Amino acid sequence: MKDLLNRPLRDLRISVIDRCNLRCQYCMPKEIFGPDYPFLPPSELLTYDEIERIAKIFVELGVEKIRLTGGEPLLRKDLPVLVDRLIRLEGLEDIALTTNGIFLPKYAHDLKQAGLKRVNISLDSINDELFGQMNGRNVGAAPVKKGIEAAQNAGLGIKINMVIKKGMNDSEIIPMATYCKENELELRFIEYMDVGSTNGWKMKDVITKKEIYAKLQESFELEPVEADYFGEVAKKYKYKDANVLVGFITSVSESFCSSCTRARLSANGQLYTCLFNGNGHNIRDFLREGADDSALEGFIKNIWEQRRDRYSDERTEETVKQRKKVEMSYIGG
Ligand code: SAM
Ligand code: SF4
Ligand code: SF4
């Protein structure tokens, strides 16, 4: 067994909201996340003061990178204000955002001004009809492409996230790769995961990196690229005839638990040490009951030191059924 002790705490993902304007079927299926779905009331969400305070302690404990996510993070009011506050944390090296891109024409400039460096924009197909079916709201690819352009114009670094589900959008592998290559965008293929308990995941619906890579090789020549740092999640390649990267997030076929340095803070202030945990640790109530910074630091340190998570290393059809897992909209991928 790989040694899972002492994985450093380097990254923090913060979900700022559990709501979303889309209903991607692999994340928030519309049959379950319907009009009556009980999303969190505002009082349950961490305030920006609370997020800043918790983030500061994480940075003091070694976190270098923060990613803001959701639900759809740009539905949270004044997100650039939060970016501006977090960017000032001494020791924080990088701050990024994962978004479906639809609100970027409105916010990209302000986010950049506030100090945001990079965005990951999710787009699963450039075929309007197919994308509309996948996102459950009949939203075509055009609004996301506009978001991409807005991010480019604002000078933000961009990666495109594409989740591939067998029989759904595998036909879009080459069209998406072509679009991204032509527009000098780094595309990351994400293996479909069994996040939460509502997306009806089955192993047979996963298209592995190996399969995607084989498909790409029919149209493109690729060469491997070294990882930039310990714990880098994407396995990266470069097109031989262009200075454009393409990556794979192989959570299912080649798990990477032994180098997982990431903690997650849900929209309602629960701390998760793994994307596939059932219950989080309630840091929000501890804070609201008056814990001082050193008590909060002890709380986080203790949880991280006890961490033994290696869900993806152990995943089988059986573990998928057995475990209750937090929904993606709460902790944001
Ligand atoms: N709404 C934003 C977005 O879509 O980018 C941020 C939150 S979303 C939960 C974060 C990332 O998780 C997205 O790139 C999305 O494609 C990915 N994701 C959601 N459900 C997934 C699943 N079942 N398997 C793999 N990736 C998933
Ligand atoms: Fe919303 Fe993102 Fe989930 Fe799609 S993947 S439903 S855009 S949170
Ligand atoms: Fe990290 Fe859990 Fe994913 Fe393994 S399964 S890489 S421990 S988040």
# chains A, B, ... in the order shown; residues from 1 in each chain; ligands from 1

$ residues_near_ligand --ligand "ligand 2" --cutoff "8 Å" --atoms "only C-alpha atoms and all ligand atoms" --output "compact mmCIF listing (two decimals) with C-alpha atoms, in the first residue's frame"
# COMPACT_ATOMS: atom_id res chain seq x y z
CA ASP A 18 -24.41 25.47 -3.60
CA ARG A 19 -26.80 26.87 -6.23
CA CYS A 20 -26.28 26.75 -9.97
CA ASN A 21 -27.94 28.12 -13.09
CA LEU A 22 -27.30 24.79 -14.89
CA ARG A 23 -28.30 21.20 -14.17
CA CYS A 24 -25.48 19.15 -15.67
CA GLN A 25 -26.69 15.59 -15.57
CA TYR A 26 -23.43 14.22 -14.14
CA CYS A 27 -23.45 16.77 -11.31
CA MET A 28 -26.92 18.14 -10.45
CA PRO A 29 -29.44 16.02 -12.41
CA GLY A 70 -19.54 26.04 -6.26
CA GLY A 71 -22.37 25.36 -7.39
CA GLU A 72 -21.79 28.24 -9.72
CA THR A 99 -16.95 28.34 -13.35
CA ASN A 100 -19.38 27.39 -16.08
CA SER A 122 -16.41 23.97 -17.96
CA ASN A 135 -26.61 20.91 -18.91
CA MET A 328 -20.72 18.01 -5.80
CA SER A 329 -22.77 21.22 -5.57
CA GLY A 332 -17.44 21.95 -5.96

$ select_by_dssp --residues "region 69-159 of chain A" --states "strand (DSSP E or B)" --output "compact mmCIF listing (two decimals) with all heavy atoms, in the first residue's frame"
# COMPACT_ATOMS: atom_id res chain seq x y z
N THR A 69 -15.05 27.83 -6.02
CA THR A 69 -15.90 27.01 -6.86
C THR A 69 -17.32 27.02 -6.30
O THR A 69 -17.68 27.87 -5.49
CB THR A 69 -15.28 25.58 -6.98
OG1 THR A 69 -16.15 24.75 -7.74
CG2 THR A 69 -15.03 24.93 -5.64
N ASP A 94 -1.37 31.55 -5.15
CA ASP A 94 -2.20 31.44 -6.34
C ASP A 94 -3.67 31.39 -5.96
O ASP A 94 -4.04 30.75 -4.98
CB ASP A 94 -1.81 30.13 -7.06
CG ASP A 94 -2.41 30.04 -8.44
OD1 ASP A 94 -2.87 31.06 -8.97
OD2 ASP A 94 -2.44 28.92 -9.00
N ILE A 95 -4.47 32.06 -6.75
CA ILE A 95 -5.92 31.97 -6.54
C ILE A 95 -6.60 31.77 -7.90
O ILE A 95 -6.24 32.44 -8.88
CB ILE A 95 -6.45 33.19 -5.75
CG1 ILE A 95 -7.95 33.07 -5.53
CG2 ILE A 95 -6.12 34.50 -6.38
CD1 ILE A 95 -8.43 33.89 -4.37
N ALA A 96 -7.49 30.82 -7.96
CA ALA A 96 -8.13 30.48 -9.23
C ALA A 96 -9.63 30.26 -9.01
O ALA A 96 -10.10 30.28 -7.86
CB ALA A 96 -7.49 29.21 -9.80
N LEU A 97 -10.33 30.09 -10.11
CA LEU A 97 -11.79 29.99 -10.06
C LEU A 97 -12.23 28.90 -11.04
O LEU A 97 -11.70 28.80 -12.14
CB LEU A 97 -12.37 31.33 -10.49
CG LEU A 97 -13.88 31.45 -10.71
CD1 LEU A 97 -14.62 31.46 -9.38
CD2 LEU A 97 -14.20 32.75 -11.47
N THR A 98 -13.19 28.07 -10.63
CA THR A 98 -13.82 27.14 -11.57
C THR A 98 -15.26 27.61 -11.79
O THR A 98 -16.00 27.81 -10.83
CB THR A 98 -13.84 25.70 -11.03
OG1 THR A 98 -12.51 25.31 -10.70
CG2 THR A 98 -14.37 24.72 -12.06
N THR A 99 -15.64 27.77 -13.04
CA THR A 99 -16.95 28.34 -13.35
C THR A 99 -17.51 27.74 -14.63
O THR A 99 -16.75 27.24 -15.47
CB THR A 99 -16.83 29.88 -13.52
OG1 THR A 99 -18.06 30.39 -14.06
CG2 THR A 99 -15.71 30.28 -14.45
N ARG A 118 -6.37 32.94 -12.74
CA ARG A 118 -6.72 31.87 -13.67
C ARG A 118 -8.16 31.45 -13.50
O ARG A 118 -8.69 31.50 -12.39
CB ARG A 118 -5.85 30.64 -13.40
CG ARG A 118 -4.39 30.93 -13.42
CD ARG A 118 -3.56 29.69 -13.21
NE ARG A 118 -3.65 29.15 -11.86
CZ ARG A 118 -4.11 27.96 -11.57
NH1 ARG A 118 -4.58 27.17 -12.51
NH2 ARG A 118 -4.12 27.53 -10.33
N VAL A 119 -8.76 31.01 -14.59
CA VAL A 119 -10.10 30.41 -14.52
C VAL A 119 -10.10 29.07 -15.23
O VAL A 119 -9.46 28.90 -16.27
CB VAL A 119 -11.22 31.25 -15.19
CG1 VAL A 119 -11.77 32.30 -14.30
CG2 VAL A 119 -10.80 31.81 -16.53
N ASN A 120 -10.83 28.12 -14.65
CA ASN A 120 -11.16 26.89 -15.35
C ASN A 120 -12.61 27.03 -15.77
O ASN A 120 -13.48 27.28 -14.92
CB ASN A 120 -11.01 25.67 -14.44
CG ASN A 120 -9.56 25.31 -14.24
OD1 ASN A 120 -8.68 26.16 -14.32
ND2 ASN A 120 -9.31 24.06 -13.95
N ILE A 121 -12.87 26.88 -17.05
CA ILE A 121 -14.22 27.05 -17.56
C ILE A 121 -14.71 25.68 -18.05
O ILE A 121 -14.01 25.01 -18.82
CB ILE A 121 -14.24 28.09 -18.69
CG1 ILE A 121 -13.67 29.42 -18.18
CG2 ILE A 121 -15.65 28.27 -19.24
CD1 ILE A 121 -13.52 30.50 -19.24
N SER A 122 -15.89 25.30 -17.61
CA SER A 122 -16.41 23.97 -17.96
C SER A 122 -17.23 24.05 -19.24
O SER A 122 -18.13 24.88 -19.37
CB SER A 122 -17.28 23.44 -16.83
OG SER A 122 -16.51 23.39 -15.65
N GLY A 157 -5.59 33.60 -17.26
CA GLY A 157 -5.18 32.29 -17.77
C GLY A 157 -6.41 31.39 -17.82
O GLY A 157 -7.27 31.50 -16.94
N ILE A 158 -6.49 30.52 -18.83
CA ILE A 158 -7.73 29.72 -19.00
C ILE A 158 -7.40 28.25 -19.23
O ILE A 158 -6.51 27.91 -20.00
CB ILE A 158 -8.53 30.22 -20.23
CG1 ILE A 158 -8.85 31.70 -20.10
CG2 ILE A 158 -9.82 29.41 -20.41
CD1 ILE A 158 -9.48 32.30 -21.35
N LYS A 159 -8.16 27.41 -18.55
CA LYS A 159 -8.19 25.98 -18.91
C LYS A 159 -9.66 25.62 -19.10
O LYS A 159 -10.53 26.16 -18.42
CB LYS A 159 -7.62 25.12 -17.79
CG LYS A 159 -6.11 25.22 -17.69
CD LYS A 159 -5.57 24.41 -16.56
CE LYS A 159 -4.09 24.73 -16.37
NZ LYS A 159 -3.64 24.48 -15.02

$ residues_around --residues "Val225 (chain A)" --least-positions-apart "3" --cutoff "9 Å" --atoms "only C-alpha atoms" --output "list in words"
Asp228, Lys235, Lys236, Tyr237, Lys238 and Leu245 of chain A

$ closest_residue --among "A:Ala227, A:Ala151, A:Val195, A:Leu45" --to "Leu116 (chain A)" --atoms "only C-alpha atoms"
A:Ala151

$ closest_atom_pairs --of "chain A" --to "ligand 3" --cutoff "6 Å" --atoms "only C-alpha atoms and all ligand atoms" --output "CSV"
residue,atom,partner,partner_atom_place_in_ligand_line,distance
A:Phe256,CA,ligand 3,6 (S),5.0
A:Cys257,CA,ligand 3,4 (Fe),3.5
A:Cys260,CA,ligand 3,1 (Fe),4.6
A:Cys274,CA,ligand 3,2 (Fe),3.8
A:Leu275,CA,ligand 3,8 (S),4.3
A:Phe276,CA,ligand 3,2 (Fe),5.9
A:Asp309,CA,ligand 3,7 (S),4.6
A:Arg310,CA,ligand 3,7 (S),4.3
A:Tyr311,CA,ligand 3,5 (S),4.2
A:Ser312,CA,ligand 3,5 (S),4.1

$ write_last_selection --atoms "N, CA and C atoms" --output "compact mmCIF listing (two decimals), in the first residue's frame"
# COMPACT_ATOMS: atom_id res chain seq x y z
N PHE A 256 -4.86 9.18 -7.84
CA PHE A 256 -3.66 9.90 -7.39
C PHE A 256 -3.76 10.27 -5.91
N CYS A 257 -4.38 9.39 -5.12
CA CYS A 257 -4.57 9.69 -3.69
C CYS A 257 -3.25 9.90 -2.95
N CYS A 260 -2.35 13.47 -2.95
CA CYS A 260 -3.48 14.41 -2.83
C CYS A 260 -3.26 15.35 -1.65
N CYS A 274 -11.61 14.78 1.67
CA CYS A 274 -11.67 14.00 0.42
C CYS A 274 -13.00 14.34 -0.27
N LEU A 275 -12.94 14.36 -1.59
CA LEU A 275 -14.12 14.65 -2.41
C LEU A 275 -15.24 13.64 -2.17
N PHE A 276 -14.85 12.47 -1.64
CA PHE A 276 -15.83 11.38 -1.51
C PHE A 276 -16.20 11.11 -0.05
N ASP A 309 -7.59 9.29 3.83
CA ASP A 309 -8.46 9.09 2.65
C ASP A 309 -7.70 8.54 1.46
N ARG A 310 -8.31 7.58 0.80
CA ARG A 310 -7.76 7.06 -0.46
C ARG A 310 -8.88 6.42 -1.27
N TYR A 311 -10.01 7.13 -1.33
CA TYR A 311 -11.22 6.57 -1.93
C TYR A 311 -10.98 6.08 -3.37
N SER A 312 -10.34 6.92 -4.19
CA SER A 312 -10.20 6.54 -5.60
C SER A 312 -9.26 5.36 -5.79

$ atom_distance --atom1 "CA of Glu60 (chain A)" --atom2 "CA of Arg76 (chain A)"
25.9 Å

$ residues_around --residues "Ala142 (chain A)" --least-positions-apart "4" --cutoff "10 Å" --atoms "only C-alpha atoms" --output "PyMOL selection string"
chain A and resi 102+126-128+146-148

$ decode --residues "region 64-105 of chain A" --atoms "C-alpha atoms" --output "CSV table (one decimal), in the first residue's frame"
chain,number,residue,atom,x,y,z
A,64,GLU,CA,-0.4,27.9,-1.2
A,65,LYS,CA,-3.3,27.7,-3.6
A,66,ILE,CA,-7.0,28.5,-3.3
A,67,ARG,CA,-9.6,27.7,-5.8
A,68,LEU,CA,-13.1,29.2,-5.6
A,69,THR,CA,-15.9,27.0,-6.9
A,70,GLY,CA,-19.5,26.0,-6.3
A,71,GLY,CA,-22.4,25.4,-7.4
A,72,GLU,CA,-21.8,28.2,-9.7
A,73,PRO,CA,-19.5,30.6,-7.9
A,74,LEU,CA,-20.4,33.7,-10.0
A,75,LEU,CA,-23.9,33.4,-8.6
A,76,ARG,CA,-22.5,34.6,-5.2
A,77,LYS,CA,-22.8,38.3,-4.9
A,78,ASP,CA,-19.6,40.4,-5.2
A,79,LEU,CA,-17.2,37.5,-5.8
A,80,PRO,CA,-14.5,39.9,-6.9
A,81,VAL,CA,-14.6,41.4,-3.4
A,82,LEU,CA,-13.8,38.0,-1.9
A,83,VAL,CA,-10.9,37.5,-4.4
A,84,ASP,CA,-9.6,40.9,-3.4
A,85,ARG,CA,-9.6,40.0,0.2
A,86,LEU,CA,-8.0,36.5,-0.2
A,87,ILE,CA,-5.3,37.7,-2.6
A,88,ARG,CA,-3.9,39.8,0.3
A,89,LEU,CA,-3.2,36.7,2.5
A,90,GLU,CA,0.5,36.6,3.1
A,91,GLY,CA,1.9,33.3,1.8
A,92,LEU,CA,-0.9,32.6,-0.7
A,93,GLU,CA,0.7,32.1,-4.1
A,94,ASP,CA,-2.2,31.4,-6.3
A,95,ILE,CA,-5.9,32.0,-6.5
A,96,ALA,CA,-8.1,30.5,-9.2
A,97,LEU,CA,-11.8,30.0,-10.1
A,98,THR,CA,-13.8,27.1,-11.6
A,99,THR,CA,-17.0,28.3,-13.4
A,100,ASN,CA,-19.4,27.4,-16.1
A,101,GLY,CA,-18.4,30.7,-17.7
A,102,ILE,CA,-21.8,32.1,-18.4
A,103,PHE,CA,-21.4,35.1,-16.2
A,104,LEU,CA,-17.8,35.9,-17.2
A,105,PRO,CA,-18.7,38.6,-19.7
